[in-house]
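Q: Before I ask anything, let me first share the structure, which is written out below as structure tokens.
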Amino acid sequence: MFEHMDNILRVRFYILFLAELLAFTAFSQERLSDWPVKNANFLQGFELKQQGEVLDFLPQLGPGNIALLTRANKNSQPLQFQTAIIPATNHDEYLSFVWGAAISRRLQEPAGNFTVYINDEKYFTFYSHKDSLEASWILKQGNAELAFVSTEITKETQDAFGYMFLNLPAKSFTKGSRLTLKIVNGNQESMDWYMPFSVPVKNELIILAEPALVKANGVLKQRVRVELNHAAGASKLELTLGNSPKRTTVLKPGRQILYLHHDPVAVSTTKNLIVRIAGRPDLVEKVTLNPVKKFEVYFLPHSHVDIGFTHTQADVEKLQWRNFEKAISLAEKTKDYPDGAKFKWNAEITWAVEGYLATATPEKKKRFIEAVKKNQIGLDAAYGSQLTGLQREEEMINNQRYALKLNEEYGLGITTAMSSDVPGYSWGTVESMAQSGIRYFSSGPNHMPHLPHGGYQVGYTLDVWGDVPFYWESASGKEKILFWMTSHGYSWFHDWSVDILSKAGRRSNLKISF
């Protein structure tokens, strides 16, 4: 009897194994080419948003574009969007749709899954990737194909950004109509996510003569930034600026930034930039290099205190305390450096300072106060990044109370205040600060460079007052403080600003679609 049972179990196992193998073959995730379209005249895959959680702040979106977000769990809603219209002039066997997309690395097992419906008919199910080797794939069902090509893997999280490709037999769909694509999450307990982007997929060239000099092989050069959005497979690229040496590289799908160097110019000079992409006509554009104005740049190292955004209040406090101790160590190590090279740190608000001094050992407390008196650590007067528009008078007048206590107890003489990641400040701020002995106030408001006027939270403020210091008078006219608001928000070290000289100054890019 048990021998028969064993045979039955084996047969069932083989049947199940064969069924899974056939299913894997029908919906296989395979390696693929870097631009897997079956119709070279591809159509935009995401043109109209219909449903889903909208994100508009991602730096790669650009003005007017959005991303939709869904996670592989029951609390996340499906996504739905429409493609471009199928042209009446199409006579190709296949339709190819392309759109930008991103897929998270698998955060836990099992992998987050997402099912694709086309005009309410189920076609494909794809999964979050385990590592960068699995980030690009293709699924096949009959004559239909869905592919994802990863063009960038984020360093810390290993999320994949790239392009989605949908190849469909043209005879199955009506000319003059749009396809409706719906992505339904797997109703799992997973935080894995998928995002499609409405950014048009096209060939684009953006040129900027950066207003700065950089060192290239130890020699100062003027730099021209060449950004290429390449909507095709890998191609040979040659760039030539005037009489400078030709630069040759391989242009891959997606966004790439290349730099060309030129000897510094003393007067405004125009040069030809020749862009040669294999299989395409040459692009010849005029680039004007202007003399670079030399000036000193002052950096203010600090850590924004953002309670609850990434960590709990207790964790944020401990991170700030750690920053204080590291800063003091760095300041001591560099105390004999030339002026301007000595490390300094700035405490944005006094909330973290109060907690540190209340819990530190007597030795650490003494070391901290000495560092402040040596100008190794700067203290700013505001207790926190309060929303002053919600404060009553008695609350607002006490915003600097702890700074006054430090001044009195240790003779520190705090006269500055700063505020970060807060869109604005009510008029009573001037009176409150001035009566507390605060003479200088710097503001780094919320800033989203891809949105009109620097972000929806600050109106036209950045346009009018960004990087324009002025004396801000109180309502009575009896008090004033020197106010300065940076035009690039509270940090130059966000993903969208770090190492990007093209953000400096107010220069316009030369943008060409081809």
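Each chain in the structure tokens gets a letter, A, B, ..., in the order shown, and its residues are numbered from 1; ligands are numbered from 1 in order too.
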For range 431-439 of chain A, list every protein, DNA or RNA residue within 10 Å, evaluated using only C-alpha atoms, and leave out those in the same chain fewer than 2 positions away; present the list as number ranges by chain.
A: A: 380-382, 393-401, 403-404, 413-417, 427-429, 441, 471-483
Q: Take the residues from that selection and put them in a file with C-alpha atoms, as a tab-separated table (two decimals), in the first residue's frame.
A:
```tsv
chain	number	residue	atom	x	y	z
A	380	ASP	CA	21.83	79.34	16.06
A	381	ALA	CA	19.15	80.77	18.27
A	382	ALA	CA	15.88	79.14	17.21
A	393	GLU	CA	2.41	85.50	20.58
A	394	GLU	CA	3.59	83.93	23.84
A	395	GLU	CA	4.92	80.91	21.92
A	396	MET	CA	6.70	82.96	19.31
A	397	ILE	CA	8.44	85.26	21.77
A	398	ASN	CA	9.94	82.17	23.45
A	399	ASN	CA	11.42	80.65	20.28
A	400	GLN	CA	14.89	81.84	21.33
A	401	ARG	CA	14.55	81.32	25.10
A	403	ALA	CA	19.65	80.48	23.33
A	404	LEU	CA	19.25	83.36	25.77
A	413	GLY	CA	26.75	85.85	22.45
A	414	ILE	CA	24.45	84.04	20.00
A	415	THR	CA	23.19	86.60	17.45
A	416	THR	CA	22.19	84.40	14.46
A	417	ALA	CA	19.27	82.15	13.60
A	427	TRP	CA	5.84	88.87	10.40
A	428	GLY	CA	6.08	88.54	14.17
A	429	THR	CA	9.32	86.58	13.70
A	441	PHE	CA	18.37	85.26	10.08
A	471	TYR	CA	16.69	94.21	6.20
A	472	TRP	CA	13.32	92.88	7.30
A	473	GLU	CA	11.48	95.41	9.49
A	474	SER	CA	8.90	94.58	12.13
A	475	ALA	CA	5.29	95.71	11.78
A	476	SER	CA	5.99	98.61	14.14
A	477	GLY	CA	9.07	99.68	12.21
A	478	LYS	CA	11.08	99.72	15.45
A	479	GLU	CA	13.02	96.48	14.91
A	480	LYS	CA	14.82	94.91	11.99
A	481	ILE	CA	16.95	91.86	11.22
A	482	LEU	CA	19.21	91.14	8.24
A	483	PHE	CA	17.38	88.39	6.35
```
Q: Give me, please, the distance in Å between CA of Ala170 in chain A and CA of Leu95 in chain A, quoted to one decimal.
A: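 Separation between CA of Ala170 in chain A and CA of Leu95 in chain A: 5.3 Å.
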Q: From a DSSP calculation on the backbone, collect every residue of range 145-239 of chain A in strand (DSSP E or B) and output the set as a ChimeraX atom specification.
A: /A:145-153,160-169,180-185,189-197,204-216,219-230,235-239
Q: Which of these, A:Glu189, A:Glu348, A:Glu238, A:Glu409, has the shortest distance to Asp282 in chain A once you count only C-alpha atoms?
A: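 Under the stated criterion, the closest residue is A:Glu238.
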Q: Give me the residues within 12 Å of Ala160 in chain A as a ChimeraX atom specification, counting only C-alpha atoms and dropping any in the same chain fewer than 2 places off.
A: /A:100-106,128-137,148-158,162-164,192-196
Q: Quick one: residues within 7 Å of His302 in chain A, only C-alpha atoms, excluding same-chain residues fewer than 6 positions away - as a ChimeraX atom specification?
A: /A:345-348
Q: Do a neighbour search on range 253-269 of chain A at 7 Å with only C-alpha atoms, toss out local chain neighbours closer than 5 positions, and write the hits as a list in words.
A: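 Contacts, with the query itself left out: Thr151, Lys221, Gln222, Arg223, Val224, Arg225, Val226, Glu227, Leu228, Asn229, His230, Ala231, Ala232, Gly233, Ala234, Ser244, Thr288, Leu289, Asn290 and Pro291 of chain A.
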Q: Record the distance separating CA of Leu166 in chain A and CA of Phe97 in chain A, expressed in Å with one decimal.
A: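 Value for the CA of Leu166 in chain A-CA of Phe97 in chain A distance: 5.1 Å.
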Q: Which residues come within 9 Å of Lys342 in chain A, counting only C-alpha atoms, excluding same-chain residues fewer than 4 positions away, as an mmCIF file with N, CA and C atoms, in the first residue's frame?
A:
```cif
data_model
loop_
_atom_site.group_PDB
_atom_site.id
_atom_site.type_symbol
_atom_site.label_atom_id
_atom_site.label_comp_id
_atom_site.auth_asym_id
_atom_site.auth_seq_id
_atom_site.Cartn_x
_atom_site.Cartn_y
_atom_site.Cartn_z
ATOM 1 N N LEU A 330 36.819 66.471 14.391
ATOM 2 C CA LEU A 330 37.351 66.975 13.117
ATOM 3 C C LEU A 330 37.932 68.377 13.280
ATOM 4 N N ALA A 331 37.275 69.187 14.081
ATOM 5 C CA ALA A 331 37.773 70.551 14.314
ATOM 6 C C ALA A 331 39.135 70.520 15.008
ATOM 7 N N GLU A 332 39.304 69.607 15.953
ATOM 8 C CA GLU A 332 40.589 69.487 16.644
ATOM 9 C C GLU A 332 41.682 68.990 15.704
ATOM 10 N N LYS A 333 41.332 68.043 14.834
ATOM 11 C CA LYS A 333 42.321 67.502 13.892
ATOM 12 C C LYS A 333 42.772 68.549 12.877
ATOM 13 N N THR A 334 41.913 69.517 12.578
ATOM 14 C CA THR A 334 42.231 70.509 11.539
ATOM 15 C C THR A 334 42.526 71.896 12.118
ATOM 16 N N LYS A 335 42.726 71.992 13.427
ATOM 17 C CA LYS A 335 42.885 73.315 14.060
ATOM 18 C C LYS A 335 44.130 74.059 13.585
ATOM 19 N N ASP A 336 45.125 73.329 13.088
ATOM 20 C CA ASP A 336 46.344 73.973 12.607
ATOM 21 C C ASP A 336 46.329 74.207 11.094
ATOM 22 N N TYR A 337 45.212 73.899 10.447
ATOM 23 C CA TYR A 337 45.096 74.143 9.010
ATOM 24 C C TYR A 337 44.980 75.653 8.773
ATOM 25 N N PRO A 338 45.203 76.100 7.538
ATOM 26 C CA PRO A 338 45.002 77.531 7.231
ATOM 27 C C PRO A 338 43.544 77.933 7.443
ATOM 28 N N GLN A 376 34.492 76.689 16.703
ATOM 29 C CA GLN A 376 34.506 75.415 15.981
ATOM 30 C C GLN A 376 33.085 74.908 15.753
#
```
Q: Rounded to one decimal in Å, what is the spacing between CA of Phe343 in chain A and CA of Phe299 in chain A?
A: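 The value is 10.4 Å.
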Q: Let me make sure I understand: among A:Lys286, A:Lys140, A:Lys365, A:Lys246, which one has the smallest atom-to-atom distance to Phe165 in chain A if we use only C-alpha atoms?
A: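 Between A:Lys286, A:Lys140, A:Lys365, A:Lys246, the residue approaching Phe165 in chain A most closely is A:Lys140.
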Q: Taking only C-alpha atoms into account, which of A:Asn272, A:Thr461, A:Asn217, A:Gln51 comes nearest Ser487 in chain A?
A: A:Thr461
Q: Find the residues around Arg280 in chain A up to 12 Å (only C-alpha atoms counted), leave out those fewer than 2 positions away in its own chain, and share them as a PDB file with C-alpha atoms, in the first residue's frame.
A:
```pdb
ATOM      1  CA  ASN A 203      16.174  61.789 -28.116  1.00  0.00           C
ATOM      2  CA  ALA A 232      17.742  53.846 -28.772  1.00  0.00           C
ATOM      3  CA  SER A 235      25.653  53.674 -30.266  1.00  0.00           C
ATOM      4  CA  LYS A 236      29.083  55.170 -30.795  1.00  0.00           C
ATOM      5  CA  LEU A 237      29.268  58.858 -29.827  1.00  0.00           C
ATOM      6  CA  GLU A 238      31.837  61.483 -30.808  1.00  0.00           C
ATOM      7  CA  VAL A 275      27.722  65.724 -31.906  1.00  0.00           C
ATOM      8  CA  ARG A 276      28.122  62.581 -33.982  1.00  0.00           C
ATOM      9  CA  ILE A 277      25.966  59.569 -33.123  1.00  0.00           C
ATOM     10  CA  ALA A 278      26.452  56.456 -35.267  1.00  0.00           C
ATOM     11  CA  ASP A 282      25.726  65.136 -37.327  1.00  0.00           C
ATOM     12  CA  LEU A 283      24.369  67.757 -34.954  1.00  0.00           C
ATOM     13  CA  PHE A 514      16.321  65.153 -32.536  1.00  0.00           C
TER      14      PHE A 514
END
```
Q: From the list A:Val422, A:Ala84, A:Ala327, A:Leu462, which residue is nearest Asn446 in chain A when using only C-alpha atoms?
A: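 Between A:Val422, A:Ala84, A:Ala327, A:Leu462, the residue approaching Asn446 in chain A most closely is A:Val422.
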